[in-house]
Amino acid sequence: MSVYTALSHEDLSIFLAKYSIGELVNFEGIDQGIENTNYFVDTSEGSYVLTIFESLENNDLPFFLELMSHLSRQGIPCAKPLPDKNNNYLQNLKDKPSAIVERLVGTTLIGSEASESQCQQVGMWLAKLHQASLSFKKNRINNRGKEWFKKVSESLYPKIKEEEKNLLHSEIDYQLKQDTKSLPSGIIHADLFRDNVMFDNST
């Protein structure tokens with residue numbers, strides 16, 4: 001279970017008082033996910049998701065939250081961050097950066113196969129996301145480039161088979177020799193997994 005930060009009803013009620021989204025009715029930890037703690041939160045005014053960021057740095061979070069807000073305004077069906085009463089997207093909860101977003105309608109495909117139509121829809125919305133992000137004026141340095149995957153690969157070598165180790169080492173070596181400075185750049189999803197895509201019907 002990926003709920004790393006436990007909350008009480010009182011903890012969450014105090015936190016929600018910073019927002020104009022009603023009184024706490026119910027909340028439940030979300031099992032899916034790897035890096036962050038997530039809760040479904042129901043209030044007297046709606047349904048939301050609370051994310052407590054366990055690993056992302058504070059200085060990265062405003063960029064991501066403002067990007068999500070921008071994409072939502074452009075009609076991309078993504079989680080829309082909610083500002084607090086002081087118009088801030090980012091708050092602290094249990095001494096960790098936290099944010100509230102509107103809860104999306106739909107279900108994931110975990111445990112079932114994606115259809116051709118569903119894959120086509122994902123591709124279409126990714127293209128729309130890329131187009132919508134062109135008007136987003138902020139940018140950030142990609143901190144998961146060559147140095148990052150070199151460092152992570154070193155931590156993986158002791159845990160994988162020799163054949164896998166050789167394959168990974170060969171790929172890392174190839175990537176480190178590439179000159180990527182002249183490649184076009186832009187915003188991508190970069191976290192597109194089955195549990196991050198939701199459908200509101202069977203198609």
# chains A, B, ... in the order shown; residues from 1 in each chain; ligands from 1

call {"tool": "select_by_dssp", "arguments": {"residues": "stretch 73-194 of chain A", "states": "strand (DSSP E)", "output": "PDB file with N, CA and C atoms, in the first residue's frame"}}
result
ATOM      1  N   GLN A  91       0.468  23.525  -0.485  1.00  0.00           N
ATOM      2  CA  GLN A  91       0.343  23.674   0.952  1.00  0.00           C
ATOM      3  C   GLN A  91       1.292  22.685   1.637  1.00  0.00           C
ATOM      4  N   ASN A  92       1.360  22.753   2.960  1.00  0.00           N
ATOM      5  CA  ASN A  92       2.129  21.779   3.729  1.00  0.00           C
ATOM      6  C   ASN A  92       1.192  20.986   4.626  1.00  0.00           C
ATOM      7  N   LEU A  93       1.409  19.692   4.676  1.00  0.00           N
ATOM      8  CA  LEU A  93       0.634  18.807   5.536  1.00  0.00           C
ATOM      9  C   LEU A  93       1.608  17.787   6.126  1.00  0.00           C
ATOM     10  N   LYS A  96       5.078  18.172   4.862  1.00  0.00           N
ATOM     11  CA  LYS A  96       5.377  17.750   3.498  1.00  0.00           C
ATOM     12  C   LYS A  96       4.535  18.561   2.523  1.00  0.00           C
ATOM     13  N   PRO A  97       5.084  18.870   1.332  1.00  0.00           N
ATOM     14  CA  PRO A  97       4.296  19.608   0.348  1.00  0.00           C
ATOM     15  C   PRO A  97       3.084  18.797  -0.099  1.00  0.00           C
ATOM     16  N   SER A  98       1.944  19.480  -0.233  1.00  0.00           N
ATOM     17  CA  SER A  98       0.687  18.797  -0.525  1.00  0.00           C
ATOM     18  C   SER A  98      -0.177  19.654  -1.436  1.00  0.00           C
ATOM     19  N   ALA A  99      -1.085  18.989  -2.146  1.00  0.00           N
ATOM     20  CA  ALA A  99      -2.000  19.704  -3.034  1.00  0.00           C
ATOM     21  C   ALA A  99      -3.310  18.940  -3.152  1.00  0.00           C
ATOM     22  N   ILE A 100      -4.372  19.686  -3.443  1.00  0.00           N
ATOM     23  CA  ILE A 100      -5.700  19.117  -3.678  1.00  0.00           C
ATOM     24  C   ILE A 100      -6.050  19.302  -5.143  1.00  0.00           C
ATOM     25  N   VAL A 101      -6.565  18.246  -5.780  1.00  0.00           N
ATOM     26  CA  VAL A 101      -7.031  18.352  -7.170  1.00  0.00           C
ATOM     27  C   VAL A 101      -8.451  17.808  -7.251  1.00  0.00           C
ATOM     28  N   GLU A 102      -9.174  18.246  -8.287  1.00  0.00           N
ATOM     29  CA  GLU A 102     -10.505  17.704  -8.513  1.00  0.00           C
ATOM     30  C   GLU A 102     -10.395  16.230  -8.896  1.00  0.00           C
TER      31      GLU A 102
END

call {"tool": "residues_around", "arguments": {"residues": "stretch 47-49 of chain A", "least_positions_apart": "5", "cutoff": "10 Å", "atoms": "only C-alpha atoms", "output": "PDB file with N, CA, C and O atoms, in the first residue's frame"}}
result
ATOM      1  N   ILE A  21     -13.777  24.462  -0.097  1.00  0.00           N
ATOM      2  CA  ILE A  21     -14.383  23.295  -0.755  1.00  0.00           C
ATOM      3  C   ILE A  21     -15.290  22.512   0.192  1.00  0.00           C
ATOM      4  O   ILE A  21     -15.563  21.339  -0.038  1.00  0.00           O
ATOM      5  N   VAL A  25     -16.254  15.088   4.767  1.00  0.00           N
ATOM      6  CA  VAL A  25     -17.264  14.058   4.977  1.00  0.00           C
ATOM      7  C   VAL A  25     -16.605  12.696   5.160  1.00  0.00           C
ATOM      8  O   VAL A  25     -16.884  11.965   6.104  1.00  0.00           O
ATOM      9  N   ASN A  26     -15.687  12.367   4.249  1.00  0.00           N
ATOM     10  CA  ASN A  26     -15.046  11.055   4.288  1.00  0.00           C
ATOM     11  C   ASN A  26     -13.710  11.126   3.564  1.00  0.00           C
ATOM     12  O   ASN A  26     -13.505  11.972   2.687  1.00  0.00           O
ATOM     13  N   PHE A  27     -12.781  10.221   3.909  1.00  0.00           N
ATOM     14  CA  PHE A  27     -11.527  10.125   3.164  1.00  0.00           C
ATOM     15  C   PHE A  27     -11.007   8.701   3.235  1.00  0.00           C
ATOM     16  O   PHE A  27     -11.316   7.951   4.160  1.00  0.00           O
ATOM     17  N   GLU A  28     -10.236   8.354   2.210  1.00  0.00           N
ATOM     18  CA  GLU A  28      -9.732   6.977   2.101  1.00  0.00           C
ATOM     19  C   GLU A  28      -8.401   6.970   1.377  1.00  0.00           C
ATOM     20  O   GLU A  28      -8.232   7.629   0.343  1.00  0.00           O
ATOM     21  N   GLY A  29      -7.418   6.225   1.896  1.00  0.00           N
ATOM     22  CA  GLY A  29      -6.119   6.106   1.242  1.00  0.00           C
ATOM     23  C   GLY A  29      -6.228   5.361  -0.073  1.00  0.00           C
ATOM     24  O   GLY A  29      -7.045   4.455  -0.231  1.00  0.00           O
ATOM     25  N   ILE A  30      -5.409   5.746  -1.057  1.00  0.00           N
ATOM     26  CA  ILE A  30      -5.393   5.118  -2.377  1.00  0.00           C
ATOM     27  C   ILE A  30      -4.206   4.171  -2.462  1.00  0.00           C
ATOM     28  O   ILE A  30      -3.058   4.577  -2.242  1.00  0.00           O
ATOM     29  N   ASN A  38      -1.555   9.330  -1.561  1.00  0.00           N
ATOM     30  CA  ASN A  38      -2.775   9.896  -2.138  1.00  0.00           C
ATOM     31  C   ASN A  38      -3.999   9.457  -1.344  1.00  0.00           C
ATOM     32  O   ASN A  38      -4.075   8.307  -0.888  1.00  0.00           O
ATOM     33  N   TYR A  39      -4.950  10.360  -1.203  1.00  0.00           N
ATOM     34  CA  TYR A  39      -6.214  10.066  -0.529  1.00  0.00           C
ATOM     35  C   TYR A  39      -7.387  10.544  -1.399  1.00  0.00           C
ATOM     36  O   TYR A  39      -7.310  11.628  -1.999  1.00  0.00           O
ATOM     37  N   PHE A  40      -8.440   9.734  -1.466  1.00  0.00           N
ATOM     38  CA  PHE A  40      -9.719  10.227  -1.951  1.00  0.00           C
ATOM     39  C   PHE A  40     -10.338  11.033  -0.817  1.00  0.00           C
ATOM     40  O   PHE A  40     -10.351  10.589   0.345  1.00  0.00           O
ATOM     41  N   VAL A  41     -10.849  12.201  -1.145  1.00  0.00           N
ATOM     42  CA  VAL A  41     -11.439  13.081  -0.129  1.00  0.00           C
ATOM     43  C   VAL A  41     -12.812  13.535  -0.593  1.00  0.00           C
ATOM     44  O   VAL A  41     -12.956  14.116  -1.679  1.00  0.00           O
ATOM     45  N   ASP A  42     -13.827  13.262   0.208  1.00  0.00           N
ATOM     46  CA  ASP A  42     -15.190  13.727  -0.072  1.00  0.00           C
ATOM     47  C   ASP A  42     -15.544  14.821   0.925  1.00  0.00           C
ATOM     48  O   ASP A  42     -15.365  14.651   2.139  1.00  0.00           O
ATOM     49  N   ALA A  79      -6.140  16.113 -13.980  1.00  0.00           N
ATOM     50  CA  ALA A  79      -6.463  16.548 -12.618  1.00  0.00           C
ATOM     51  C   ALA A  79      -6.217  18.050 -12.481  1.00  0.00           C
ATOM     52  O   ALA A  79      -5.119  18.533 -12.768  1.00  0.00           O
ATOM     53  N   LYS A  80      -7.231  18.782 -12.058  1.00  0.00           N
ATOM     54  CA  LYS A  80      -7.143  20.239 -11.943  1.00  0.00           C
ATOM     55  C   LYS A  80      -6.813  20.632 -10.504  1.00  0.00           C
ATOM     56  O   LYS A  80      -7.600  20.372  -9.588  1.00  0.00           O
ATOM     57  N   PRO A  81      -5.651  21.258 -10.277  1.00  0.00           N
ATOM     58  CA  PRO A  81      -5.305  21.684  -8.917  1.00  0.00           C
ATOM     59  C   PRO A  81      -6.247  22.779  -8.430  1.00  0.00           C
ATOM     60  O   PRO A  81      -6.695  23.627  -9.205  1.00  0.00           O
ATOM     61  N   LEU A  82      -6.539  22.748  -7.135  1.00  0.00           N
ATOM     62  CA  LEU A  82      -7.409  23.761  -6.547  1.00  0.00           C
ATOM     63  C   LEU A  82      -6.581  24.720  -5.696  1.00  0.00           C
ATOM     64  O   LEU A  82      -5.769  24.287  -4.883  1.00  0.00           O
ATOM     65  N   ALA A  99      -1.085  18.989  -2.146  1.00  0.00           N
ATOM     66  CA  ALA A  99      -2.000  19.704  -3.034  1.00  0.00           C
ATOM     67  C   ALA A  99      -3.310  18.940  -3.152  1.00  0.00           C
ATOM     68  O   ALA A  99      -3.351  17.718  -3.000  1.00  0.00           O
ATOM     69  N   ILE A 100      -4.372  19.686  -3.443  1.00  0.00           N
ATOM     70  CA  ILE A 100      -5.700  19.117  -3.678  1.00  0.00           C
ATOM     71  C   ILE A 100      -6.050  19.302  -5.143  1.00  0.00           C
ATOM     72  O   ILE A 100      -5.850  20.383  -5.707  1.00  0.00           O
ATOM     73  N   VAL A 101      -6.565  18.246  -5.780  1.00  0.00           N
ATOM     74  CA  VAL A 101      -7.031  18.352  -7.170  1.00  0.00           C
ATOM     75  C   VAL A 101      -8.451  17.808  -7.251  1.00  0.00           C
ATOM     76  O   VAL A 101      -8.886  17.023  -6.400  1.00  0.00           O
ATOM     77  N   GLU A 102      -9.174  18.246  -8.287  1.00  0.00           N
ATOM     78  CA  GLU A 102     -10.505  17.704  -8.513  1.00  0.00           C
ATOM     79  C   GLU A 102     -10.395  16.230  -8.896  1.00  0.00           C
ATOM     80  O   GLU A 102      -9.510  15.840  -9.659  1.00  0.00           O
ATOM     81  N   ARG A 103     -11.284  15.420  -8.376  1.00  0.00           N
ATOM     82  CA  ARG A 103     -11.268  13.993  -8.678  1.00  0.00           C
ATOM     83  C   ARG A 103     -11.886  13.747 -10.058  1.00  0.00           C
ATOM     84  O   ARG A 103     -12.990  14.211 -10.346  1.00  0.00           O
ATOM     85  N   LEU A 104     -11.167  13.023 -10.893  1.00  0.00           N
ATOM     86  CA  LEU A 104     -11.649  12.719 -12.232  1.00  0.00           C
ATOM     87  C   LEU A 104     -12.650  11.571 -12.206  1.00  0.00           C
ATOM     88  O   LEU A 104     -12.553  10.662 -11.375  1.00  0.00           O
ATOM     89  N   VAL A 105     -13.589  11.611 -13.128  1.00  0.00           N
ATOM     90  CA  VAL A 105     -14.557  10.527 -13.284  1.00  0.00           C
ATOM     91  C   VAL A 105     -13.950   9.461 -14.179  1.00  0.00           C
ATOM     92  O   VAL A 105     -13.306   9.770 -15.181  1.00  0.00           O
TER      93      VAL A 105
END

call {"tool": "select_by_dssp", "arguments": {"residues": "stretch 32-121 of chain A", "states": "alpha helix (DSSP H)", "output": "count of residues only"}}
result
19

call {"tool": "closest_atom_pairs", "arguments": {"of": "stretch 57-159 of chain A", "to": "stretch 181-185 of chain A", "cutoff": "12 Å", "atoms": "only C-alpha atoms", "output": "JSON lines"}}
result
{"residue": "A:His130", "atom": "CA", "partner": "A:Ser185", "partner_atom": "CA", "distance": 11.0}
{"residue": "A:Ser133", "atom": "CA", "partner": "A:Ser185", "partner_atom": "CA", "distance": 11.6}
{"residue": "A:Leu134", "atom": "CA", "partner": "A:Ser185", "partner_atom": "CA", "distance": 10.7}
{"residue": "A:Asn139", "atom": "CA", "partner": "A:Ser185", "partner_atom": "CA", "distance": 10.2}
{"residue": "A:Arg140", "atom": "CA", "partner": "A:Ser185", "partner_atom": "CA", "distance": 11.0}
{"residue": "A:Ile141", "atom": "CA", "partner": "A:Ser185", "partner_atom": "CA", "distance": 10.6}
{"residue": "A:Asn142", "atom": "CA", "partner": "A:Ser185", "partner_atom": "CA", "distance": 10.1}
{"residue": "A:Gly145", "atom": "CA", "partner": "A:Lys181", "partner_atom": "CA", "distance": 11.5}
{"residue": "A:Lys146", "atom": "CA", "partner": "A:Lys181", "partner_atom": "CA", "distance": 11.8}

call {"tool": "residues_around", "arguments": {"residues": "A:Ile34", "least_positions_apart": "2", "cutoff": "8 Å", "atoms": "only C-alpha atoms", "output": "ChimeraX atom specification"}}
result
/A:2,32,36

call {"tool": "write_last_selection", "arguments": {"atoms": "N, CA and C atoms", "output": "tab-separated table (two decimals), in the first residue's frame"}}
result
chain	number	residue	atom	x	y	z
A	2	SER	N	0.60	2.18	-0.88
A	2	SER	CA	1.45	3.36	-1.00
A	2	SER	C	0.83	4.56	-0.30
A	32	GLN	N	-2.95	2.52	-5.15
A	32	GLN	CA	-2.08	2.62	-6.32
A	32	GLN	C	-1.09	3.77	-6.15
A	36	ASN	N	4.18	8.83	-4.14
A	36	ASN	CA	3.47	9.78	-3.29
A	36	ASN	C	2.35	9.12	-2.49

call {"tool": "atom_distance", "arguments": {"atom1": "atom CA of A:Ser72", "atom2": "atom CA of A:Thr37"}}
result
22.5 Å

call {"tool": "closest_residue", "arguments": {"among": "A:Met198, A:Ile76, A:Ile160, A:Ala132", "to": "A:Gly186", "atoms": "only C-alpha atoms"}}
result
A:Ala132

call {"tool": "residues_around", "arguments": {"residues": "stretch 61-67 of chain A", "least_positions_apart": "2", "cutoff": "8 Å", "atoms": "only C-alpha atoms", "output": "list in words"}}
result
Leu56, Glu57, Asn58, Asn59, Ser69, His70, Leu71, Pro81, Tyr89, Leu90, Ser133, Phe136, Lys138, Asn139 and Arg140 of chain A

call {"tool": "atom_distance", "arguments": {"atom1": "atom CA of A:Glu45", "atom2": "atom CA of A:Leu12"}}
result
15.3 Å

call {"tool": "atom_distance", "arguments": {"atom1": "atom CA of A:Lys161", "atom2": "atom CA of A:Phe149"}}
result
18.3 Å

call {"tool": "residues_around", "arguments": {"residues": "A:Ala114", "least_positions_apart": "5", "cutoff": "12 Å", "atoms": "only C-alpha atoms", "output": "JSON, numbers by chain"}}
result
{"A": [108, 109, 119, 120, 121, 122, 193, 194, 197, 198, 199, 202, 203]}

call {"tool": "closest_residue", "arguments": {"among": "A:Ser115, A:Gln131, A:Thr180, A:Ser153", "to": "A:Leu167", "atoms": "only C-alpha atoms"}}
result
A:Ser153

call {"tool": "closest_residue", "arguments": {"among": "A:Leu176, A:Leu129, A:His9, A:Glu54", "to": "A:Arg73", "atoms": "only C-alpha atoms"}}
result
A:Leu129

call {"tool": "closest_residue", "arguments": {"among": "A:Val3, A:Met68, A:Leu156, A:Cys78", "to": "A:Leu50", "atoms": "only C-alpha atoms"}}
result
A:Val3

call {"tool": "residues_around", "arguments": {"residues": "A:Ser20", "least_positions_apart": "3", "cutoff": "9 Å", "atoms": "only C-alpha atoms", "output": "CSV table (one decimal) with C-alpha atoms, in the first residue's frame"}}
result
chain,number,residue,atom,x,y,z
A,16,LEU,CA,-9.2,21.6,4.4
A,17,ALA,CA,-10.1,24.7,6.3
A,23,GLU,CA,-16.5,20.4,5.2
A,83,PRO,CA,-6.1,27.0,-5.0
A,84,ASP,CA,-6.4,27.6,-1.3
A,85,LYS,CA,-8.0,30.7,0.1
